[in-house]
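S.K.: My questions will all concern the structure given below.
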Amino acid sequence: MQKNLRWKLILILVFLGICTYFFVSPREKGAPWFSRLNLGLDLKGGIHLVLQVVTDDALNQELRQDADRIAQEYRSRDIPFTASRKGNGFAVEITGVDGARAADARAYLEDTYGNKYELRSKSLEGKTDFVLALTSSYMRETRESTVRQALETIRRRVDALGVAEPTLQIYGGSGQEVDDQIIVELPGIDDPERIKGLIANTAQLKLVLVKKDQGGPFSSVESAITANGGVIPEDYEILLYREDRGEDSRVEYLVVNRTPVITGKDLKTARPSTDSNGAPAVSFFLNSDGAKLFALATEQHVGEQLAIVLDDQVRSAPVINERIEAEGIIQGRFTQQQASDLSLLLRSGALPASLVVLGERSVGASLGNDSIRSGIFASLIGFGLVILGMLIYYRQSGINAVICLVANTAILLGFMGMVGATLTLPGIAGIILTIGMAVDANILIFERIREELRGGKTVRAAVDSGFSKVLWTILDSNITTLLAAIFLFQFGTGPIRGFAVTLFVGLIANIFTAIYLSHRIFEWVLGSRRVERLSI
């Protein structure tokens with residue numbers, strides 16, 4: 001039996017050694033000791049943002065796209081109509097459809113958009129007007145998918161920045177029927193304005209042809225309209241053209257085609273580069289479908305201008321000199337950092353809707369250091385008082401409890417170091433609570449052993465009986481707290497999750513040390529000899 005016990009103790013020591021290694025050792029070569037444990041926002045400093053996804057943007061964009069598609073389809077089918085446009089609210093209005101073709105127009109709308117819109121119509125003087133109103137179920141699904149897509153886009157951007165252990169979570173609502181707020185916590189960030197711009201920038205890229213005749217540039221919107229006979233055709237729109245020419249910078253306007261040649265969806269990747277003059281620029285590369293479309297458009301429109309539009313602003317409008325296939329370049333008076341940031345935005349994809357910053361909080365590194373010192377100081381005081389109390393009250397058996405406490409802490413911190421978990425100030429509170437729970441389990445065991453000894457049992461029998469009889473009590477108390485930790489992690493935000501993680505892992509370690517390790521220590525102390533008294 002002693003041989004088996006020896007091997008058990010050796011395995012326990014090896015396990016505790018591994019845990020200590022993962023807590024103490026550096027993350028990588030050249031890194032400092034204790035670097036495996038990431039520090040959270042409240043300990044390391046950084047930024048905390050609450051963002052609202054303006055889901056109406058996605059709905060309005062879809063309505064405008066559907067209106068354009070309907071117009072193109074009616075023209076291809078020779079169905080006369082006056083206009084197809086986004087109407088009031090979340091609806092598409094098609095006006096002036098020839099009564100003789102109204103049935104065909106309705107059939108197309110019902111077949112194509114019947115599951116998405118509620119269709120209404122009215123006829124007057126040989127003309128029929130249609131109104132397509134988005135269904136409430138489709139609106140809800142679109143809002144939810146927009147928030148999820150925004151979250152994933154933000155996550156890709158944050159990952160590209162190399163931020164360690166960021167927290168991104170859909171949080172709550174702002175009166176909408178869906179949760180449309182996102183919490184973003186980025187530890188260790190020292191340039192919050194740049195990061196906020198990178199996160200909230202929609203980065204919607206599209207390449208459109210400038211109107212061949214009277215496309216501009218113009219000094220104002222009015223002059224663009226006047227040059228085009230007082231009316232801009234429905235297939236075109238006026239966009240701001242902000243051309244940066246150093247001291248000769250100016251704001252102009254271009255008349256461009258509403259239908260893009262390609263969009264950000266056709267983008268494969270983007271990276272910082274330089275233009276022909278050696279100035280910072282952004283090169284973009286298209287996927288196979290985008291390359292085909294781009295090649296066809298540039299071949300058919302040699303000599304015309306192609307506007308590169310980012311977030312509804314023309315960034316450059318070069319002349320097409322030859323057929324272009326899979327790549328292009330965005331020029332402008334970029335700094336190296338701006339070119340790098342823009343390429344990051346394009347690679348991560350466009351946000352499906354704009355973001356509004358509802359709340360912003362910056363935590364300085366000095367405040368984080370104060371939190372670390374306070375947390376460690378509180379932990380050491382609590383740990384020391386617990387050790388002193390156990391040694392005074394339980395005498396030599398208290399040493400057993402102290403060993404279990406140290407082992408419990410080593411397992412907890414080792415696990416967090418191994419998985420690269422983030423330690424927050426609430427996480428430190430979770431460690432302190434775990435110490436209390438560990439002491440509680442030892443007290444239950446020791447008091448039960450005392451009762452068995454008072455009942456006349458031998459020391460060995462009292463120890464075995466004490467552990468077996470409190471097993472389910474310890475499991476019950478710890479499992480109920482484990483369930484609470486799971487719910488805290490599932491529904492809590494960053495700091496609360498930090499508390500839940502340390503509490504959960506600490507309780508698992510507590511069950512192991514209280515039930516298994518403590519029992520093995522008693523067996524080792526008692527040995528094979530007959531012991532008449534136990535210092536407890």
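Each chain in the structure tokens gets a letter, A, B, ..., in the order shown, and its residues are numbered from 1; ligands are numbered from 1 in order too.
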Excluding Ala58 in chain A and any residue of its chain fewer than 2 positions from it, enumerate the residues within 10 Å of it, using only C-alpha atoms, and give them as an mmCIF file with N, CA and C atoms, in the first residue's frame.
M.R.:
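Generated file (selection36.cif):
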data_model
loop_
_atom_site.group_PDB
_atom_site.id
_atom_site.type_symbol
_atom_site.label_atom_id
_atom_site.label_comp_id
_atom_site.auth_asym_id
_atom_site.auth_seq_id
_atom_site.Cartn_x
_atom_site.Cartn_y
_atom_site.Cartn_z
ATOM 1 N N VAL A 53 -24.819 49.197 -33.314
ATOM 2 C CA VAL A 53 -24.905 48.927 -34.749
ATOM 3 C C VAL A 53 -26.186 49.556 -35.273
ATOM 4 N N VAL A 54 -26.068 50.469 -36.205
ATOM 5 C CA VAL A 54 -27.254 51.132 -36.775
ATOM 6 C C VAL A 54 -27.837 50.192 -37.828
ATOM 7 N N THR A 55 -28.654 49.263 -37.362
ATOM 8 C CA THR A 55 -29.170 48.219 -38.253
ATOM 9 C C THR A 55 -30.078 48.775 -39.346
ATOM 10 N N ASP A 56 -30.643 49.979 -39.132
ATOM 11 C CA ASP A 56 -31.465 50.589 -40.182
ATOM 12 C C ASP A 56 -30.649 50.807 -41.454
ATOM 13 N N ASN A 60 -31.986 49.852 -45.138
ATOM 14 C CA ASN A 60 -32.128 50.873 -46.176
ATOM 15 C C ASN A 60 -31.282 50.555 -47.396
ATOM 16 N N GLN A 61 -30.070 50.036 -47.161
ATOM 17 C CA GLN A 61 -29.205 49.653 -48.271
ATOM 18 C C GLN A 61 -29.843 48.544 -49.095
ATOM 19 N N GLU A 62 -30.434 47.577 -48.415
ATOM 20 C CA GLU A 62 -31.081 46.475 -49.130
ATOM 21 C C GLU A 62 -32.294 46.971 -49.912
ATOM 22 N N LEU A 63 -33.030 47.902 -49.348
ATOM 23 C CA LEU A 63 -34.184 48.466 -50.060
ATOM 24 C C LEU A 63 -33.742 49.185 -51.333
ATOM 25 N N MET A 139 -37.265 41.668 -41.277
ATOM 26 C CA MET A 139 -36.544 42.788 -40.680
ATOM 27 C C MET A 139 -35.785 42.336 -39.442
ATOM 28 N N THR A 142 -32.779 40.230 -40.472
ATOM 29 C CA THR A 142 -31.737 41.072 -41.062
ATOM 30 C C THR A 142 -30.997 41.867 -39.992
ATOM 31 N N ARG A 143 -31.740 42.399 -39.023
ATOM 32 C CA ARG A 143 -31.100 43.147 -37.931
ATOM 33 C C ARG A 143 -30.149 42.234 -37.143
ATOM 34 N N SER A 145 -28.684 39.401 -38.108
ATOM 35 C CA SER A 145 -27.518 39.009 -38.918
ATOM 36 C C SER A 145 -26.563 40.187 -39.115
ATOM 37 N N THR A 146 -27.102 41.395 -39.177
ATOM 38 C CA THR A 146 -26.255 42.580 -39.317
ATOM 39 C C THR A 146 -25.368 42.764 -38.094
ATOM 40 N N VAL A 147 -25.948 42.575 -36.895
ATOM 41 C CA VAL A 147 -25.175 42.709 -35.659
ATOM 42 C C VAL A 147 -24.104 41.628 -35.591
ATOM 43 N N LEU A 351 -18.014 46.922 -42.873
ATOM 44 C CA LEU A 351 -19.081 46.739 -41.889
ATOM 45 C C LEU A 351 -20.421 46.793 -42.615
ATOM 46 N N PRO A 352 -21.380 45.968 -42.203
ATOM 47 C CA PRO A 352 -22.681 45.959 -42.887
ATOM 48 C C PRO A 352 -23.520 47.178 -42.548
ATOM 49 N N ALA A 353 -23.147 47.915 -41.516
ATOM 50 C CA ALA A 353 -23.887 49.108 -41.094
ATOM 51 C C ALA A 353 -22.928 50.002 -40.315
ATOM 52 N N SER A 354 -23.307 51.246 -40.166
ATOM 53 C CA SER A 354 -22.453 52.167 -39.421
ATOM 54 C C SER A 354 -22.549 51.888 -37.924
#
S.K.: Could you produce a table of the residues of range 198-224 of chain A lying within 8 Å of range 282-306 of chain A, with the nearest pair of atoms per residue and their separation in Å rounded to one decimal, using only C-alpha atoms, ordered by chain and increasing residue number, as a tab-separated table?
M.R.:
residue	atom	partner	partner_atom	distance
A:Leu207	CA	A:Leu306	CA	6.7
A:Val208	CA	A:Leu306	CA	5.8
A:Leu209	CA	A:Leu306	CA	4.7
A:Val210	CA	A:Gln305	CA	5.4
A:Lys212	CA	A:Glu304	CA	6.5
S.K.: Save the residues we just selected, C-alpha atoms, as a JSON list (two decimals), in the first residue's frame?
M.R.:
[["chain", "number", "residue", "atom", "x", "y", "z"],
["A", 207, "LEU", "CA", -15.29, 51.04, -58.14],
["A", 208, "VAL", "CA", -17.68, 52.95, -60.40],
["A", 209, "LEU", "CA", -17.45, 54.56, -63.83],
["A", 210, "VAL", "CA", -17.56, 58.34, -64.03],
["A", 212, "LYS", "CA", -18.63, 59.91, -69.83]]
S.K.: Give me, as a PyMOL selection string, all polymer residues having an atom no more than 8 Å from range 428-444 of chain A, counting only C-alpha atoms and skipping those fewer than 4 positions away in the same chain.
M.R.: chain A and resi 375-376+379+382-383+386+401+404-405+408-409+423-424+448+470+474+499-500+502-503+506-507+510+514
S.K.: Which polymer residues have any atom within 9 Å of an atom of Asn38 in chain A, counting only C-alpha atoms, with same-chain residues fewer than 4 positions away left out, as a PyMOL selection string?
M.R.: chain A and resi 44+164-165+416-417+420-424
S.K.: Could you write those residues out with N, CA, C and O atoms, as a CSV table (one decimal), in the first residue's frame?
M.R.:
chain,number,residue,atom,x,y,z
A,44,LYS,N,-4.1,46.1,-17.0
A,44,LYS,CA,-3.1,46.5,-18.0
A,44,LYS,C,-3.3,47.9,-18.6
A,44,LYS,O,-2.4,48.5,-19.1
A,164,ALA,N,-3.8,41.4,-27.7
A,164,ALA,CA,-3.9,40.1,-26.9
A,164,ALA,C,-5.1,40.1,-26.0
A,164,ALA,O,-5.4,41.1,-25.3
A,165,GLU,N,-5.8,39.0,-26.1
A,165,GLU,CA,-7.0,38.7,-25.3
A,165,GLU,C,-8.0,39.9,-25.3
A,165,GLU,O,-8.4,40.4,-24.3
A,416,MET,N,-4.4,28.9,-15.8
A,416,MET,CA,-4.6,30.1,-16.5
A,416,MET,C,-3.4,30.5,-17.4
A,416,MET,O,-3.6,31.0,-18.5
A,417,GLY,N,-2.2,30.2,-16.9
A,417,GLY,CA,-1.0,30.4,-17.7
A,417,GLY,C,-1.0,29.5,-18.9
A,417,GLY,O,-0.5,29.9,-20.0
A,420,GLY,N,-3.5,30.7,-21.5
A,420,GLY,CA,-3.3,32.2,-21.8
A,420,GLY,C,-4.5,33.0,-21.4
A,420,GLY,O,-4.9,33.9,-22.1
A,421,ALA,N,-5.2,32.6,-20.3
A,421,ALA,CA,-6.4,33.3,-19.8
A,421,ALA,C,-6.0,34.7,-19.4
A,421,ALA,O,-4.9,35.0,-19.1
A,422,THR,N,-7.0,35.5,-19.3
A,422,THR,CA,-6.8,36.9,-18.9
A,422,THR,C,-7.2,37.1,-17.4
A,422,THR,O,-8.3,36.7,-17.0
A,423,LEU,N,-6.3,37.7,-16.7
A,423,LEU,CA,-6.5,38.0,-15.3
A,423,LEU,C,-7.0,39.4,-15.1
A,423,LEU,O,-6.4,40.3,-15.5
A,424,THR,N,-8.2,39.5,-14.5
A,424,THR,CA,-8.8,40.9,-14.2
A,424,THR,C,-8.8,41.1,-12.7
A,424,THR,O,-8.6,40.2,-11.9
S.K.: Extract, using only C-alpha atoms, all DNA, RNA and protein residues at most 6 Å from range 178-188 of chain A, discarding same-chain residues fewer than 5 positions from it, and format them as a ChimeraX atom specification.
M.R.: /A:40-41,44-53,147,166-173
S.K.: Looking at A:Phe467, A:Phe415, A:Tyr108, A:Trp472, which one is nearest to Glu523 in chain A, with distances taken over only C-alpha atoms?
M.R.: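 Using only C-alpha atoms, Glu523 in chain A sits closest to A:Phe467.
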S.K.: Figure out the distance between CA of Thr128 in chain A and CA of Leu59 in chain A, please, to one decimal in Å.
M.R.: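 We find that CA of Leu59 in chain A and CA of Thr128 in chain A lie 25.3 Å from each other.
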S.K.: Could you work out how far CA of Arg36 in chain A lies from CA of Phe512 in chain A, giving the answer in Å with one decimal?
M.R.: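 Interatomic distance, CA of Phe512 in chain A to CA of Arg36 in chain A: 23.6 Å.
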S.K.: In range 285-435 of chain A, what's strand (DSSP E) per DSSP? Answer as a PyMOL selection string?
M.R.: chain A and resi 285-286+306-310+313-316+327-330+355-363+422-423
S.K.: Which residues are close to Ser223 in chain A, i.e. within 12 Å by only C-alpha atoms, leaving aside same-chain residues fewer than 5 positions away? Reply as a PyMOL selection string.
M.R.: chain A and resi 214-218+228-232+238+252-255
S.K.: If we count only C-alpha atoms, what is near Ile536 in chain A at a cut-off of 9 Å, once residues fewer than 4 positions away on the same chain are taken out, given as a compact mmCIF listing (two decimals) with all heavy atoms, in the first residue's frame?
M.R.:
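That gives us out-v9.txt:
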# COMPACT_ATOMS: atom_id res chain seq x y z
N TYR A 393 -5.87 26.85 15.03
CA TYR A 393 -7.06 26.09 15.43
C TYR A 393 -6.87 24.59 15.23
O TYR A 393 -7.33 23.79 16.06
CB TYR A 393 -8.27 26.58 14.63
CG TYR A 393 -9.58 26.08 15.18
CD1 TYR A 393 -10.08 26.58 16.39
CD2 TYR A 393 -10.32 25.11 14.51
CE1 TYR A 393 -11.29 26.13 16.90
CE2 TYR A 393 -11.52 24.66 15.00
CZ TYR A 393 -12.00 25.16 16.20
OH TYR A 393 -13.19 24.70 16.71
N TYR A 394 -6.21 24.18 14.14
CA TYR A 394 -6.09 22.74 13.85
C TYR A 394 -4.68 22.22 14.07
O TYR A 394 -4.38 21.07 13.72
CB TYR A 394 -6.54 22.46 12.40
CG TYR A 394 -8.03 22.63 12.22
CD1 TYR A 394 -8.53 23.69 11.48
CD2 TYR A 394 -8.93 21.74 12.81
CE1 TYR A 394 -9.90 23.85 11.32
CE2 TYR A 394 -10.29 21.90 12.64
CZ TYR A 394 -10.77 22.96 11.90
OH TYR A 394 -12.12 23.12 11.76
N ARG A 395 -3.79 23.04 14.58
CA ARG A 395 -2.44 22.64 14.94
C ARG A 395 -1.72 21.95 13.78
O ARG A 395 -1.72 22.50 12.68
CB ARG A 395 -2.48 21.76 16.19
CG ARG A 395 -2.94 22.57 17.44
CD ARG A 395 -3.16 21.69 18.63
NE ARG A 395 -4.38 20.89 18.50
CZ ARG A 395 -4.86 20.09 19.46
NH1 ARG A 395 -4.20 19.97 20.62
NH2 ARG A 395 -5.97 19.41 19.29
N GLN A 396 -1.16 20.77 13.99
CA GLN A 396 -0.35 20.17 12.93
C GLN A 396 -1.19 19.79 11.71
O GLN A 396 -0.70 19.83 10.57
CB GLN A 396 0.38 18.94 13.47
CG GLN A 396 1.46 19.27 14.50
CD GLN A 396 2.20 18.03 14.98
OE1 GLN A 396 2.15 16.98 14.35
NE2 GLN A 396 2.90 18.15 16.11
N SER A 397 -2.43 19.44 11.91
CA SER A 397 -3.30 19.13 10.76
C SER A 397 -3.54 20.37 9.90
O SER A 397 -3.88 20.27 8.72
CB SER A 397 -4.64 18.57 11.25
OG SER A 397 -4.46 17.31 11.85
N GLY A 398 -3.37 21.53 10.52
CA GLY A 398 -3.50 22.76 9.74
C GLY A 398 -2.46 22.86 8.64
O GLY A 398 -2.69 23.53 7.63
N PHE A 446 -12.00 18.27 8.62
CA PHE A 446 -11.35 18.20 9.93
C PHE A 446 -12.37 18.07 11.06
O PHE A 446 -12.17 17.32 12.02
CB PHE A 446 -10.49 19.44 10.15
CG PHE A 446 -9.28 19.50 9.25
CD1 PHE A 446 -8.48 20.65 9.21
CD2 PHE A 446 -8.93 18.44 8.44
CE1 PHE A 446 -7.36 20.72 8.40
CE2 PHE A 446 -7.82 18.49 7.62
CZ PHE A 446 -7.04 19.64 7.59
N GLU A 447 -13.48 18.79 10.95
CA GLU A 447 -14.50 18.71 12.00
C GLU A 447 -15.16 17.32 12.02
O GLU A 447 -15.49 16.80 13.09
CB GLU A 447 -15.55 19.79 11.80
CG GLU A 447 -15.08 21.20 12.10
CD GLU A 447 -14.59 21.35 13.53
OE1 GLU A 447 -15.22 20.77 14.45
OE2 GLU A 447 -13.56 22.03 13.74
N ILE A 449 -13.61 14.54 11.14
CA ILE A 449 -12.60 13.65 11.75
C ILE A 449 -12.64 13.79 13.26
O ILE A 449 -12.55 12.80 14.01
CB ILE A 449 -11.20 13.97 11.18
CG1 ILE A 449 -11.13 13.59 9.69
CG2 ILE A 449 -10.12 13.23 11.95
CD1 ILE A 449 -9.83 14.01 9.00
N ARG A 450 -12.76 15.00 13.77
CA ARG A 450 -12.86 15.23 15.21
C ARG A 450 -14.07 14.48 15.81
O ARG A 450 -13.97 13.87 16.88
CB ARG A 450 -12.98 16.72 15.51
CG ARG A 450 -11.67 17.48 15.50
CD ARG A 450 -11.92 18.94 15.82
NE ARG A 450 -10.69 19.64 16.09
CZ ARG A 450 -10.62 20.93 16.42
NH1 ARG A 450 -11.74 21.64 16.50
NH2 ARG A 450 -9.46 21.51 16.66
S.K.: Ranking A:Ala407, A:Leu482, A:Val158, A:Leu412 by minimum distance to Tyr516 in chain A and counting only C-alpha atoms, which one comes first?
M.R.: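 Closest residue, counting only C-alpha atoms: A:Ala407.
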